[in-house]
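K.L.:
Have a look at the structure that comes next, please.
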Amino acid sequence: FREERELTVLFLVDVSASGAFGSDRCSRLEMAIEVAALLMFSALKNNDKVGLATFCDEVLDFLPPRKGKAHVLRSIRQLVGARPIARQTNLESMLVYLNRVQRRRAVVFLISDFLGPFPDRALLSASRRHDLTAITIADPREQQLPDVGFVQLVDAETGARMEVDTRSRAFRRLFEERNQARQLQLSRRLRKSGVDQLAMDTHSDYAESLRRFFHMRELRFR
């Protein structure tokens, strides 16, 4: 006789305006929705409870964890209906809210581009209470700029604008180096907070990334 496995699985999805960016088949938000839906169906198959919160500078919606196909489909519909909001991401407010509404230990997927201020203390607190995984979604165009002359870059969340000359090889190299440094710093700070990271980009095969990630976790916890 095998005791039935029952977990609470929560999805915290960033719907700020930066998620609307995508240089290929999908935007960051579209990838976040696809990944969350796949993981929700996996939790449904395991008879787990599923909960959902969407946020930008504050928590927008929260569906408390429940079992069942109807609840999973409602959660996915909620995500599909989400529209990017032009406000800056506030990860700390989401994590503080999580610890307030979810007292018992849960499996938590925090899905975001992590472009806002990094919430070191809130992440550390949440990771001590929950099994927390950060799914970080990037886009290759943020890592490398093409040589296309003068372009205007716009911050989708703050509206700040900057005109740059992409013909400059030195500028393109500096842009690439700064973004690589940001990604490395993000990974280090997540590790320091005790948070697992699943790094994805909008050009990648996320199903394969998920398989590798969970296989690695399975080996680690044996």
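Letters A, B, ... go to the chains of the structure tokens in the order shown; residues in each chain start at 1; ligands are counted from 1 in the same order.
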What are the DSSP strand (DSSP E) residues of stretch 5-219 of chain A, as a count of residues only?
P.N.:
52
K.L.:
Extract, using only C-alpha atoms, all DNA, RNA and protein residues at most 10 Å from A:Leu186, discarding same-chain residues fewer than 5 positions from it, and format them as a ChimeraX atom specification.
P.N.:
/A:114-115,118,136,180-181,191-192,197
K.L.:
In Å, how far is it from atom CA of A:Ala37 to atom CA of A:Leu52?
P.N.:
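Pair atom CA of A:Ala37 / atom CA of A:Leu52 returns 10.8 Å.
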K.L.:
Which residues in stretch 28-71 of chain A does DSSP call alpha helix (DSSP H)? List them as an MDAnalysis selection string.
P.N.:
chainID A and resid 28:45 69:71
K.L.:
Residues at most 7 Å from A:Phe62, counting only C-alpha atoms, excluding those fewer than 2 positions away in the same chain, as a list of chain:residue names?
P.N.:
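Counting only the stated atoms, we get A:Leu52, A:Ala53, A:Thr54, A:Pro64.
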K.L.:
Go through A:Glu92, A:Pro84, A:Met40, A:Phe213 and flag the residue nearest A:Ala70, using only C-alpha atoms for the distances.
P.N.:
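Ranking A:Glu92, A:Pro84, A:Met40, A:Phe213 by distance to A:Ala70, first place goes to A:Met40.
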K.L.:
Using Å and a single decimal, report how far atom CA of A:Ala32 sits from atom CA of A:Asn99.
P.N.:
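Answer for the atom CA of A:Asn99 to atom CA of A:Ala32 separation: 22.1 Å.
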K.L.:
Fewer than 6 positions away in the same chain doesn't count, so skip those; otherwise give me all residues within 8 Å of stretch 102-106 of chain A, counting only C-alpha atoms, as a list in words.
P.N.:
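What passes the distance filter is Leu7, Thr8, Val9, Leu10, Arg129, His130 and Asp131 of chain A.
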K.L.:
So what do you get for atom CA of A:Arg66 versus atom CA of A:Asp205, distance-wise?
P.N.:
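These atoms are spaced 29.3 Å apart.
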K.L.:
Contacts of A:Ser193 at 8 Å or less, counting only C-alpha atoms, minus same-chain residues fewer than 3 places along, as a list in words?
P.N.:
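The residues that qualify are Asp120, Arg121, Leu123, Leu124, Ser127, Arg189 and Leu190 of chain A.
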K.L.:
I'd like a table as a Markdown table: residues in stretch 165-217 of chain A with an atom no more than 12 Å from stretch 137-141 of chain A, each row giving the shortest atom pair and its distance in Å to one decimal, only C-alpha atoms counted, sorted by chain and rising residue number.
P.N.:
```
| residue | atom | partner | partner_atom | distance |
| --- | --- | --- | --- | --- |
| A:Arg172 | CA | A:Arg141 | CA | 11.4 |
| A:Phe175 | CA | A:Arg141 | CA | 10.7 |
| A:Glu176 | CA | A:Arg141 | CA | 9.7 |
| A:Asn179 | CA | A:Pro140 | CA | 10.4 |
| A:Gln180 | CA | A:Pro140 | CA | 11.1 |
| A:Arg182 | CA | A:Ala138 | CA | 11.4 |
| A:Gln183 | CA | A:Ala138 | CA | 9.3 |
| A:Leu186 | CA | A:Ile137 | CA | 11.9 |
| A:Gln197 | CA | A:Ile137 | CA | 10.5 |
| A:Leu198 | CA | A:Ile137 | CA | 8.6 |
| A:Ala199 | CA | A:Ile137 | CA | 6.3 |
| A:Met200 | CA | A:Ile137 | CA | 4.9 |
| A:Asp201 | CA | A:Ala138 | CA | 4.5 |
| A:Thr202 | CA | A:Asp139 | CA | 5.3 |
| A:His203 | CA | A:Asp139 | CA | 7.2 |
| A:Ser204 | CA | A:Asp139 | CA | 9.4 |
| A:Tyr206 | CA | A:Ile137 | CA | 10.2 |
| A:Ser209 | CA | A:Ile137 | CA | 11.8 |
```
K.L.:
Looking at A:Val80, A:Gly149, A:Arg188, A:Ser112, which one is nearest to A:Glu163, with distances taken over only C-alpha atoms?
P.N.:
A:Gly149
K.L.:
Return the single residue from A:Ala43, A:Val195, A:Val13, A:Leu91 that is closest to A:Glu30, with distances computed using only C-alpha atoms.
P.N.:
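Of the candidates, the smallest distance to A:Glu30 is held by A:Val13.
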K.L.:
Measuring between only C-alpha atoms, which one of A:Phe171, A:Tyr97, A:Phe41, A:Phe11 shows the shortest distance to A:Ala134?
P.N.:
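Among A:Phe171, A:Tyr97, A:Phe41, A:Phe11, it is A:Phe11 that comes nearest to A:Ala134.
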